[in-house]
$ cat data.csv   # CSV, C-alpha atoms and all ligand atoms
chain,number,residue,atom,x,y,z
A,4,MET,CA,-38.0,-24.6,91.8
A,5,ILE,CA,-39.1,-23.5,88.3
A,6,ARG,CA,-37.9,-19.9,88.0
A,7,ARG,CA,-39.2,-19.0,84.5
A,8,PRO,CA,-42.1,-21.4,83.8
A,9,PHE,CA,-43.3,-21.7,80.2
A,10,GLY,CA,-45.9,-24.4,79.4
A,11,LEU,CA,-44.6,-26.0,76.2
A,12,ALA,CA,-46.6,-28.6,74.3
A,13,VAL,CA,-45.9,-30.5,71.1
A,14,ALA,CA,-48.9,-31.9,69.2
A,15,GLN,CA,-47.9,-34.9,67.1
A,16,MET,CA,-50.2,-36.0,64.3
A,17,GLY,CA,-50.7,-39.5,63.0
A,18,PRO,CA,-51.1,-40.0,59.2
A,19,VAL,CA,-53.0,-37.5,57.0
A,20,HIS,CA,-54.0,-39.5,54.0
A,21,ARG,CA,-54.2,-38.1,50.5
A,22,ALA,CA,-58.0,-38.4,50.5
A,23,ASP,CA,-58.3,-36.7,53.9
A,24,SER,CA,-59.9,-33.2,53.8
A,25,ARG,CA,-58.3,-30.1,55.3
A,26,ALA,CA,-61.4,-29.9,57.5
A,27,SER,CA,-60.6,-33.3,59.0
A,28,ALA,CA,-57.0,-32.3,59.6
A,29,VAL,CA,-58.1,-29.0,61.2
A,30,ALA,CA,-60.6,-30.9,63.4
A,31,ARG,CA,-57.7,-33.0,64.7
A,32,LEU,CA,-55.5,-29.9,65.3
A,33,LEU,CA,-58.3,-28.3,67.2
A,34,ALA,CA,-58.6,-31.3,69.5
A,35,LEU,CA,-54.9,-31.4,70.0
A,36,MET,CA,-54.8,-27.6,70.7
A,37,THR,CA,-57.6,-28.0,73.3
A,38,GLU,CA,-55.8,-30.8,75.1
A,39,ALA,CA,-52.5,-28.8,75.0
A,40,ALA,CA,-54.3,-25.8,76.6
A,41,SER,CA,-55.9,-28.1,79.2
A,42,ARG,CA,-52.4,-29.3,80.2
A,43,GLY,CA,-51.4,-25.6,80.8
A,44,ALA,CA,-49.5,-24.9,77.5
A,45,ARG,CA,-48.8,-21.4,76.4
A,46,LEU,CA,-47.5,-22.6,73.1
A,47,VAL,CA,-48.3,-25.8,71.1
A,48,VAL,CA,-46.2,-26.9,68.2
A,49,PHE,CA,-47.8,-28.6,65.2
A,50,PRO,CA,-46.1,-30.7,62.5
A,51,GLU,CA,-44.7,-29.7,59.1
A,52,LEU,CA,-47.3,-29.6,56.2
A,53,ALA,CA,-49.9,-30.4,58.9
A,54,LEU,CA,-53.0,-29.7,56.8
A,55,THR,CA,-52.3,-32.3,54.0
A,56,THR,CA,-50.5,-35.5,53.4
A,57,PHE,CA,-46.7,-35.3,52.8
A,58,PHE,CA,-47.3,-34.7,49.0
A,59,PRO,CA,-43.5,-34.3,48.1
A,60,ARG,CA,-43.5,-38.2,48.1
A,61,TYR,CA,-45.6,-38.0,44.8
A,62,TRP,CA,-44.7,-37.0,41.3
A,63,LEU,CA,-47.4,-34.5,40.5
A,64,GLU,CA,-47.5,-32.8,37.1
A,65,ASP,CA,-47.6,-29.1,37.9
A,66,GLY,CA,-51.1,-27.6,37.9
A,67,GLU,CA,-54.3,-28.3,39.8
A,68,ALA,CA,-53.2,-31.6,41.3
A,69,LEU,CA,-50.2,-29.8,42.9
A,70,ASP,CA,-51.9,-26.6,43.8
A,71,HIS,CA,-54.5,-28.5,45.8
A,72,PHE,CA,-51.9,-29.0,48.5
A,73,TYR,CA,-51.0,-25.3,49.0
A,74,GLU,CA,-52.7,-22.6,51.1
A,75,ARG,CA,-53.3,-19.3,49.2
A,76,GLU,CA,-54.2,-17.4,52.4
A,77,MET,CA,-53.4,-17.9,56.1
A,78,PRO,CA,-55.7,-17.9,57.9
A,79,GLY,CA,-58.0,-19.1,55.2
A,80,PRO,CA,-61.6,-20.2,55.3
A,81,GLU,CA,-60.7,-23.7,56.6
A,82,THR,CA,-58.0,-22.6,59.0
A,83,ARG,CA,-59.5,-19.5,60.6
A,84,VAL,CA,-61.1,-21.6,63.3
A,85,LEU,CA,-57.6,-22.5,64.5
A,86,PHE,CA,-56.8,-18.9,65.2
A,87,GLU,CA,-60.2,-18.3,66.8
A,88,ARG,CA,-59.8,-21.3,69.1
A,89,ALA,CA,-56.3,-20.2,70.0
A,90,ARG,CA,-57.6,-16.8,71.0
A,91,ASP,CA,-60.4,-18.3,73.0
A,92,LEU,CA,-58.1,-20.7,74.8
A,93,GLY,CA,-55.3,-18.1,75.2
A,94,ILE,CA,-52.7,-20.4,73.6
A,95,GLY,CA,-50.1,-19.7,70.9
A,96,PHE,CA,-49.2,-22.2,68.2
A,97,THR,CA,-46.8,-22.9,65.3
A,98,LEU,CA,-48.2,-24.5,62.2
A,99,GLY,CA,-46.6,-25.9,59.1
A,100,PHE,CA,-48.2,-25.7,55.7
A,101,ALA,CA,-47.4,-25.4,52.0
A,102,GLU,CA,-47.6,-21.6,51.1
A,103,LEU,CA,-48.5,-20.3,47.6
A,104,THR,CA,-48.0,-16.6,47.6
A,105,PRO,CA,-50.1,-14.1,45.4
A,106,ARG,CA,-46.9,-13.8,43.3
A,107,GLY,CA,-46.9,-17.6,42.7
A,108,GLU,CA,-44.0,-18.4,45.0
A,109,ARG,CA,-44.1,-21.8,46.7
A,110,PHE,CA,-42.6,-22.3,50.2
A,111,ASN,CA,-42.6,-25.0,52.9
A,112,THR,CA,-43.7,-22.6,55.6
A,113,GLN,CA,-44.3,-22.5,59.4
A,114,ILE,CA,-46.0,-19.6,61.2
A,115,LEU,CA,-45.9,-18.5,64.8
A,116,VAL,CA,-49.3,-17.3,66.1
A,117,ASP,CA,-49.6,-15.7,69.5
A,118,ALA,CA,-52.3,-16.2,72.2
A,119,GLN,CA,-54.4,-13.4,70.6
A,120,GLY,CA,-54.5,-15.3,67.4
A,121,ARG,CA,-52.1,-12.9,65.6
A,122,ILE,CA,-49.4,-14.2,63.2
A,123,VAL,CA,-46.2,-12.8,64.8
A,124,GLY,CA,-43.6,-14.8,62.8
A,125,ARG,CA,-43.1,-16.8,59.6
A,126,TYR,CA,-40.4,-19.2,58.6
A,127,ARG,CA,-39.9,-20.5,55.0
A,128,LYS,CA,-37.8,-23.8,55.0
A,129,ILE,CA,-34.3,-23.2,53.8
A,130,HIS,CA,-32.7,-26.7,53.8
A,131,LEU,CA,-34.8,-28.6,51.2
A,132,PRO,CA,-33.8,-32.3,51.0
A,133,GLY,CA,-34.3,-34.8,48.3
A,134,HIS,CA,-34.4,-34.1,44.5
A,135,ALA,CA,-36.2,-32.2,41.8
A,136,ASP,CA,-36.3,-34.9,39.1
A,137,HIS,CA,-38.7,-37.8,38.8
A,138,LYS,CA,-37.2,-41.1,40.0
A,139,PRO,CA,-39.8,-43.5,38.5
A,140,THR,CA,-38.1,-46.7,39.9
A,141,ALA,CA,-38.0,-45.4,43.5
A,142,PRO,CA,-40.7,-46.6,45.9
A,143,PHE,CA,-41.5,-43.0,46.6
A,144,GLN,CA,-40.3,-39.6,45.7
A,145,HIS,CA,-38.9,-36.8,47.8
A,146,LEU,CA,-39.6,-33.7,45.7
A,147,GLU,CA,-39.3,-30.7,48.1
A,148,LYS,CA,-36.7,-29.2,45.7
A,149,ARG,CA,-39.3,-29.3,43.0
A,150,TYR,CA,-42.3,-28.2,44.9
A,151,PHE,CA,-40.8,-25.5,47.1
A,152,GLN,CA,-38.3,-22.6,46.7
A,153,VAL,CA,-35.6,-22.1,49.2
A,154,GLY,CA,-36.9,-19.9,52.0
A,155,ASN,CA,-36.1,-16.2,51.4
A,156,GLU,CA,-36.5,-14.8,54.9
A,157,GLY,CA,-33.6,-16.4,56.8
A,158,PHE,CA,-33.6,-18.0,60.2
A,159,ARG,CA,-35.3,-15.6,62.6
A,160,ALA,CA,-36.4,-15.4,66.3
A,161,TRP,CA,-39.2,-13.3,67.6
A,162,SER,CA,-39.9,-11.8,71.1
A,163,ALA,CA,-43.3,-13.2,71.8
A,164,MET,CA,-45.2,-14.7,74.8
A,165,ASP,CA,-42.5,-13.5,77.2
A,166,ALA,CA,-39.9,-15.6,75.4
A,167,ARG,CA,-37.6,-15.4,72.3
A,168,ILE,CA,-38.9,-18.0,69.9
A,169,GLY,CA,-37.2,-19.2,66.7
A,170,MET,CA,-38.4,-21.7,64.1
A,171,CYS,CA,-37.1,-24.2,61.6
A,172,ILE,CA,-38.5,-27.1,59.7
A,173,CYS,CA,-37.5,-30.8,59.5
A,174,ASN,CA,-34.3,-31.2,57.5
A,175,ASP,CA,-33.1,-27.8,58.9
A,176,ARG,CA,-32.4,-29.7,62.2
A,177,ARG,CA,-29.6,-31.7,60.5
A,178,TRP,CA,-27.5,-28.6,59.8
A,179,PRO,CA,-25.9,-27.1,62.9
A,180,GLU,CA,-26.0,-23.6,61.3
A,181,THR,CA,-29.7,-23.6,61.8
A,182,PHE,CA,-29.6,-23.7,65.6
A,183,ARG,CA,-26.5,-21.5,65.8
A,184,VAL,CA,-28.0,-18.6,63.8
A,185,LEU,CA,-31.1,-18.8,66.1
A,186,GLY,CA,-28.8,-19.1,69.2
A,187,LEU,CA,-27.0,-16.0,68.0
A,188,GLN,CA,-30.4,-14.2,68.2
A,189,SER,CA,-30.7,-15.3,71.9
A,190,ALA,CA,-33.5,-17.7,71.0
A,191,GLU,CA,-34.8,-19.5,74.1
A,192,ILE,CA,-37.2,-21.9,72.3
A,193,VAL,CA,-37.0,-23.3,68.8
A,194,THR,CA,-40.0,-25.1,67.4
A,195,LEU,CA,-40.1,-27.3,64.3
A,196,GLY,CA,-42.3,-29.8,62.5
A,197,PHE,CA,-40.9,-32.8,60.7
A,198,SER,CA,-42.0,-35.5,58.3
A,199,THR,CA,-39.2,-38.2,58.2
A,200,PRO,CA,-39.7,-41.3,56.2
A,201,SER,CA,-38.5,-44.4,58.1
A,202,VAL,CA,-36.7,-45.9,55.2
A,203,ASN,CA,-34.1,-44.3,52.9
A,204,ILE,CA,-34.6,-44.8,49.2
A,205,HIS,CA,-31.2,-43.5,48.2
A,206,TRP,CA,-28.7,-45.7,50.1
A,207,SER,CA,-28.8,-48.6,52.5
A,208,GLU,CA,-28.9,-46.7,55.7
A,209,PRO,CA,-29.5,-49.0,58.7
A,210,PRO,CA,-33.1,-48.3,59.8
A,211,HIS,CA,-32.3,-47.8,63.5
A,212,LEU,CA,-30.3,-44.7,62.5
A,213,ARG,CA,-33.4,-42.8,61.5
A,214,MET,CA,-34.6,-42.2,65.0
A,215,PHE,CA,-31.0,-42.0,66.4
A,216,HIS,CA,-30.0,-39.2,64.0
A,217,HIS,CA,-33.3,-37.4,64.5
A,218,LEU,CA,-32.8,-37.2,68.3
A,219,LEU,CA,-29.1,-36.5,68.0
A,220,THR,CA,-29.7,-33.4,65.9
A,221,LEU,CA,-32.2,-32.0,68.3
A,222,GLN,CA,-30.3,-32.8,71.5
A,223,SER,CA,-27.1,-31.3,70.1
A,224,GLY,CA,-28.8,-28.3,68.7
A,225,ALA,CA,-30.5,-27.6,72.0
A,226,TYR,CA,-27.4,-28.1,74.1
A,227,GLN,CA,-24.9,-26.3,71.9
A,228,ASN,CA,-27.2,-23.2,71.8
A,229,ALA,CA,-28.6,-23.3,75.3
A,230,LEU,CA,-32.3,-23.4,74.1
A,231,TRP,CA,-35.4,-25.5,74.4
A,232,VAL,CA,-36.3,-27.5,71.3
A,233,ALA,CA,-39.9,-28.7,70.6
A,234,ALA,CA,-40.3,-30.9,67.6
A,235,ALA,CA,-43.7,-32.2,66.2
A,236,ALA,CA,-43.8,-35.3,64.0
A,237,LYS,CA,-46.3,-36.2,61.3
A,238,ALA,CA,-46.0,-39.9,62.0
A,239,GLY,CA,-47.3,-43.3,61.0
A,240,LEU,CA,-48.4,-44.9,57.7
A,241,GLU,CA,-49.7,-42.2,55.3
A,242,ASP,CA,-51.3,-44.2,52.5
A,243,GLY,CA,-48.8,-47.0,53.3
A,244,PHE,CA,-45.7,-44.8,53.5
A,245,HIS,CA,-44.2,-44.9,57.0
A,246,MET,CA,-42.9,-41.9,58.8
A,247,ILE,CA,-41.1,-42.0,62.2
A,248,GLY,CA,-42.7,-40.5,65.4
A,249,GLY,CA,-40.3,-39.3,68.0
A,250,SER,CA,-41.9,-36.0,68.8
A,251,VAL,CA,-39.8,-34.5,71.6
A,252,ILE,CA,-39.3,-31.6,73.9
A,253,VAL,CA,-35.5,-31.2,74.6
A,254,SER,CA,-34.0,-29.1,77.4
A,255,PRO,CA,-31.1,-26.7,77.0
A,256,SER,CA,-29.2,-29.4,78.9
A,257,GLY,CA,-29.7,-31.7,75.9
A,258,GLU,CA,-31.9,-34.1,77.8
A,259,ILE,CA,-35.2,-35.3,76.4
A,260,MET,CA,-37.9,-34.1,78.8
A,261,ALA,CA,-40.9,-35.6,77.0
A,262,GLN,CA,-41.2,-37.9,74.0
A,263,SER,CA,-44.3,-39.3,72.2
A,264,GLN,CA,-45.3,-42.9,72.9
A,265,SER,CA,-47.3,-43.5,69.7
A,266,GLU,CA,-47.4,-42.8,66.0
A,267,ASP,CA,-50.8,-41.2,66.3
A,268,ASP,CA,-52.3,-37.9,67.4
A,269,GLU,CA,-50.7,-37.3,70.8
A,270,VAL,CA,-49.9,-34.3,73.0
A,271,ILE,CA,-46.7,-34.1,75.0
A,272,PHE,CA,-46.1,-31.4,77.5
A,273,VAL,CA,-43.4,-29.9,79.7
A,274,ASN,CA,-43.6,-27.0,82.2
A,275,ALA,CA,-40.3,-25.8,80.8
A,276,ASP,CA,-38.0,-23.6,82.9
A,277,LEU,CA,-36.5,-21.0,80.6
A,278,ALA,CA,-34.0,-20.2,83.4
A,279,VAL,CA,-32.3,-23.5,82.5
A,280,GLY,CA,-31.2,-21.9,79.2
A,281,ASP,CA,-30.1,-18.8,81.0
A,282,ARG,CA,-27.7,-20.8,83.1
A,283,PHE,CA,-26.1,-22.5,80.1
A,284,ARG,CA,-25.9,-19.2,78.2
A,285,GLN,CA,-24.2,-17.6,81.2
A,286,ASN,CA,-21.6,-20.4,81.5
A,287,VAL,CA,-20.7,-23.1,79.0
A,288,PHE,CA,-22.3,-21.3,76.0
A,289,ASN,CA,-21.5,-17.7,76.8
A,290,PHE,CA,-21.1,-17.0,73.1
A,291,ALA,CA,-19.5,-13.5,73.6
A,292,ALA,CA,-16.9,-14.9,76.0
A,293,HIS,CA,-15.9,-18.1,74.1
A,294,ARG,CA,-16.7,-18.0,70.4
A,295,ARG,CA,-13.9,-17.1,67.9
A,296,PRO,CA,-15.5,-16.1,64.7
A,297,GLU,CA,-12.2,-15.0,63.2
A,298,HIS,CA,-11.4,-18.7,62.8
A,299,TYR,CA,-14.8,-19.7,61.4
A,300,GLY,CA,-14.3,-18.2,57.9
A,301,LEU,CA,-14.8,-21.4,55.9
A,302,ILE,CA,-18.3,-21.8,57.2
A,303,LEU,CA,-19.3,-18.8,55.1
A,304,GLU,CA,-16.7,-19.1,52.3
A,305,ARG,CA,-17.3,-22.7,51.3
A,306,THR,CA,-20.6,-24.4,50.3
A,307,GLY,CA,-19.2,-27.8,49.6
A,308,ALA,CA,-16.1,-29.3,51.4
A,309,GLY,CA,-12.8,-28.3,49.8
A,310,ALA,CA,-9.1,-29.0,50.3
A,311,PRO,CA,-7.5,-29.2,53.8
A,312,LEU,CA,-6.0,-25.8,54.7
A,313,GLY,CA,-2.9,-27.6,56.0
A,314,ASP,CA,-2.2,-28.8,52.5
A,315,ALA,CA,-1.8,-25.2,51.2
A,316,PRO,CA,1.8,-24.0,50.9
A,317,SER,CA,1.2,-21.4,53.6
A,318,GLY,CA,-0.6,-23.9,55.7
A,319,GLY,CA,2.4,-26.2,56.5
A,320,ALA,CA,3.6,-27.0,60.0
A,321,SER,CA,7.0,-25.4,59.3
A,401,LIG,N1,-37.6,-35.0,55.7
A,401,LIG,C1,-36.5,-35.7,56.0
A,401,LIG,C2,-35.7,-35.1,57.2
A,401,LIG,O1,-34.7,-34.4,57.0
A,401,LIG,C3,-34.4,-36.8,55.3
A,401,LIG,C4,-35.6,-36.0,54.9
A,401,LIG,C5,-34.5,-37.9,56.1
A,401,LIG,C6,-33.1,-36.3,54.9
A,401,LIG,C7,-33.3,-38.6,56.5
A,401,LIG,C8,-32.0,-37.0,55.3
A,401,LIG,C9,-32.1,-38.1,56.1
A,401,LIG,O2,-36.0,-35.6,58.3
A,401,LIG,C10,-37.9,-33.7,55.5
A,401,LIG,N2,-39.1,-33.3,55.2
A,401,LIG,O3,-37.0,-32.8,55.5
$ encode --input "data.csv" --output "structure tokens" --more "lines below"
Ligand code: ING
Amino acid sequence: MIRRPFGLAVAQMGPVHRADSRASAVARLLALMTEAASRGARLVVFPELALTTFFPRYWLEDGEALDHFYEREMPGPETRVLFERARDLGIGFTLGFAELTPRGERFNTQILVDAQGRIVGRYRKIHLPGHADHKPTAPFQHLEKRYFQVGNEGFRAWSAMDARIGMCICNDRRWPETFRVLGLQSAEIVTLGFSTPSVNIHWSEPPHLRMFHHLLTLQSGAYQNALWVAAAAKAGLEDGFHMIGGSVIVSPSGEIMAQSQSEDDEVIFVNADLAVGDRFRQNVFNFAAHRRPEHYGLILERTGAGAPLGDAPSGGAS
């Protein structure tokens, strides 16, 4: 018996090519939203940077070419229809896009919109992978550190749609602190979009590890924080650059309950039972009963790894 049902959908997108218009991307998102609603979803999760191609792969001289990929307002003239359709269908959504603020700040952003079409939450990506310099000999760039500032609003959860919903984006999933900070806010669902190149340009990582590590991060984050994780890929060949699929909905048990079968536009859906998270939070991951923050000091004190504490004079076994 599903005690606390929550219809949860992930809308994976196939490629958005550099020449594709926002209108064409929005039309695809509308079709995915409509299908998600028809499956009984209360919330549908869209990918990272869903309105454009994954432009951090390109070296763009600052200015117009770069600004083209950012949203100056949300909703804007081309995205308002998403909010209107959400309200008509009675479905919430999370959407990833490049944000350019009136003060000229640039963020890799994701918003949470409720079933009345209101923005109830915003997350600005904190863990920015890649590099800020041009690597002209590389097959493609990964310039998130150049095109975005580090998010300035932290990792937050919101009480919305009768649940507590947190958000993160892509590389954030590789850092356990992301899910823990949301777990410490009693998040029951964490949504994220991701754009993960299938090949690594920096070191000879065996290709099969891309999907393995992607799933490992989500399953461990879900289990260790007793929450549902819904992750939406932008997948396939974007102008010849391949990105993995693997959109998934993961239970607080850590089990994958739904996974995309394609690298195209595709909706996956689970009638999630939020009570599953309750049981793990009351037992194995009863944070209040079992965590020992007095021993976790290095997590805040150190950014990079340092010397073993056992090597310090006071740290010996004697
Ligand atoms: N993309 C990739 C991600 O974290 C990456 C970058 C891939 C980093 C593989 C490390 C290993 O999935 C984004 N957009 O963060």
$ residues_near_ligand --input "data.csv" --ligand "ligand LIG 401 (chain A)" --cutoff "9 Å" --atoms "all atoms listed in the file" --output "list in words"
Glu51, Phe57, Pro59, His130, Leu131, Pro132, Gly133, His145, Glu147, Ile172, Cys173, Asn174, Asp175, Arg176, Arg177, Gly196, Phe197, Ser198, Thr199, Pro200, Ser201, Val202, Asn203, Arg213, His216 and His217 of chain A
$ residues_around --input "data.csv" --residues "Val29 in chain A" --least-positions-apart "6" --cutoff "12 Å" --atoms "all atoms listed in the file" --output "list in words"
Met16, Val19, Asp23, Leu35, Met36, Phe49, Leu52, Ala53, Leu54, Thr55, Pro78, Gly79, Pro80, Glu81, Thr82, Arg83, Val84, Leu85, Phe86, Arg88, Leu98 and Phe100 of chain A
$ closest_residue --input "data.csv" --among "A:Cys171, A:Ala291, A:Ala22, A:Leu63" --to "Leu115 in chain A" --atoms "only C-alpha atoms"
A:Cys171
$ closest_residue --input "data.csv" --among "A:Pro8, A:Gly249, A:Pro296, A:Gly157" --to "Ala235 in chain A" --atoms "all atoms listed in the file"
A:Gly249
$ closest_residue --input "data.csv" --among "A:Ser41, A:Gln264, A:Ser207, A:Asn286" --to "Asn228 in chain A" --atoms "all atoms listed in the file"
A:Asn286
$ closest_residue --input "data.csv" --among "A:Gly224, A:Trp206, A:Ile259, A:Arg127" --to "Ala190 in chain A" --atoms "all atoms listed in the file"
A:Gly224
$ closest_residue --input "data.csv" --among "A:Arg167, A:His211, A:Arg60, A:Arg282" --to "Thr194 in chain A" --atoms "all atoms listed in the file"
A:Arg167
$ atom_distance --input "data.csv" --atom1 "CA of Ser263 in chain A" --atom2 "CA of Val251 in chain A"
6.6 Å
$ closest_residue --input "data.csv" --among "A:Thr97, A:Gln222, A:Asn155, A:Thr104" --to "Arg121 in chain A" --atoms "all atoms listed in the file"
A:Thr97
$ atom_distance --input "data.csv" --atom1 "CA of Leu221 in chain A" --atom2 "CA of Arg305 in chain A"
24.4 Å
$ atom_distance --input "data.csv" --atom1 "CA of Pro18 in chain A" --atom2 "CA of Asp65 in chain A"
24.2 Å
$ residues_around --input "data.csv" --residues "His134 in chain A" --least-positions-apart "5" --cutoff "12 Å" --atoms "all atoms listed in the file" --output "list in words"
Pro59, Arg60, Tyr61, Trp62, Ala141, Phe143, Gln144, His145, Leu146, Glu147, Lys148, Arg149, Tyr150, Phe151, Ile204 and His205 of chain A
$ build_atoms --input "data.csv" --residues "range 120-128 of chain A" --atoms "all heavy atoms" --output "compact mmCIF listing (two decimals), in the frame of the given file"
# COMPACT_ATOMS: atom_id res chain seq x y z
N GLY A 120 -54.17 -14.85 68.69
CA GLY A 120 -54.50 -15.30 67.40
C GLY A 120 -53.88 -14.49 66.26
O GLY A 120 -54.34 -14.52 65.11
N ARG A 121 -52.76 -13.77 66.56
CA ARG A 121 -52.10 -12.90 65.60
C ARG A 121 -50.83 -13.66 65.06
O ARG A 121 -50.08 -14.23 65.85
CB ARG A 121 -51.64 -11.59 66.16
CG ARG A 121 -52.78 -10.68 66.54
CD ARG A 121 -52.27 -9.42 67.24
NE ARG A 121 -51.35 -9.79 68.34
CZ ARG A 121 -51.26 -9.10 69.48
NH1 ARG A 121 -52.01 -8.01 69.64
NH2 ARG A 121 -50.44 -9.47 70.45
N ILE A 122 -50.59 -13.60 63.74
CA ILE A 122 -49.40 -14.20 63.20
C ILE A 122 -48.23 -13.21 63.52
O ILE A 122 -48.22 -12.06 63.08
CB ILE A 122 -49.46 -14.36 61.67
CG1 ILE A 122 -50.58 -15.36 61.32
CG2 ILE A 122 -48.12 -14.83 61.10
CD1 ILE A 122 -50.80 -15.56 59.83
N VAL A 123 -47.28 -13.66 64.35
CA VAL A 123 -46.20 -12.80 64.80
C VAL A 123 -44.87 -13.21 64.07
O VAL A 123 -43.88 -12.48 64.10
CB VAL A 123 -45.96 -12.79 66.29
CG1 VAL A 123 -47.16 -12.19 67.00
CG2 VAL A 123 -45.69 -14.20 66.80
N GLY A 124 -44.85 -14.39 63.45
CA GLY A 124 -43.60 -14.80 62.80
C GLY A 124 -43.92 -15.80 61.67
O GLY A 124 -44.95 -16.49 61.69
N ARG A 125 -42.99 -15.84 60.69
CA ARG A 125 -43.10 -16.80 59.60
C ARG A 125 -41.74 -17.26 59.22
O ARG A 125 -40.79 -16.45 59.15
CB ARG A 125 -43.76 -16.10 58.37
CG ARG A 125 -43.86 -17.02 57.14
CD ARG A 125 -44.57 -16.32 55.99
NE ARG A 125 -43.79 -15.18 55.50
CZ ARG A 125 -44.32 -14.19 54.82
NH1 ARG A 125 -45.63 -14.16 54.58
NH2 ARG A 125 -43.56 -13.20 54.38
N TYR A 126 -41.63 -18.57 58.99
CA TYR A 126 -40.40 -19.20 58.60
C TYR A 126 -40.64 -19.98 57.30
O TYR A 126 -41.61 -20.74 57.22
CB TYR A 126 -39.76 -20.06 59.64
CG TYR A 126 -38.59 -20.85 59.10
CD1 TYR A 126 -37.39 -20.20 58.79
CD2 TYR A 126 -38.70 -22.20 58.82
CE1 TYR A 126 -36.32 -20.90 58.24
CE2 TYR A 126 -37.64 -22.91 58.28
CZ TYR A 126 -36.46 -22.25 57.98
OH TYR A 126 -35.41 -22.93 57.41
N ARG A 127 -39.77 -19.80 56.31
CA ARG A 127 -39.90 -20.50 55.00
C ARG A 127 -38.65 -21.45 54.94
O ARG A 127 -37.51 -20.96 54.97
CB ARG A 127 -39.94 -19.58 53.86
CG ARG A 127 -41.26 -18.81 53.81
CD ARG A 127 -41.22 -17.62 52.87
NE ARG A 127 -42.57 -17.10 52.59
CZ ARG A 127 -42.81 -15.95 51.99
NH1 ARG A 127 -41.80 -15.18 51.59
NH2 ARG A 127 -44.05 -15.56 51.75
N LYS A 128 -38.88 -22.73 54.83
CA LYS A 128 -37.80 -23.80 55.00
C LYS A 128 -36.67 -23.51 54.01
O LYS A 128 -36.85 -23.29 52.79
CB LYS A 128 -38.44 -25.14 54.66
CG LYS A 128 -37.51 -26.33 54.93
CD LYS A 128 -38.30 -27.62 54.74
CE LYS A 128 -37.46 -28.85 55.04
NZ LYS A 128 -38.26 -30.10 54.89
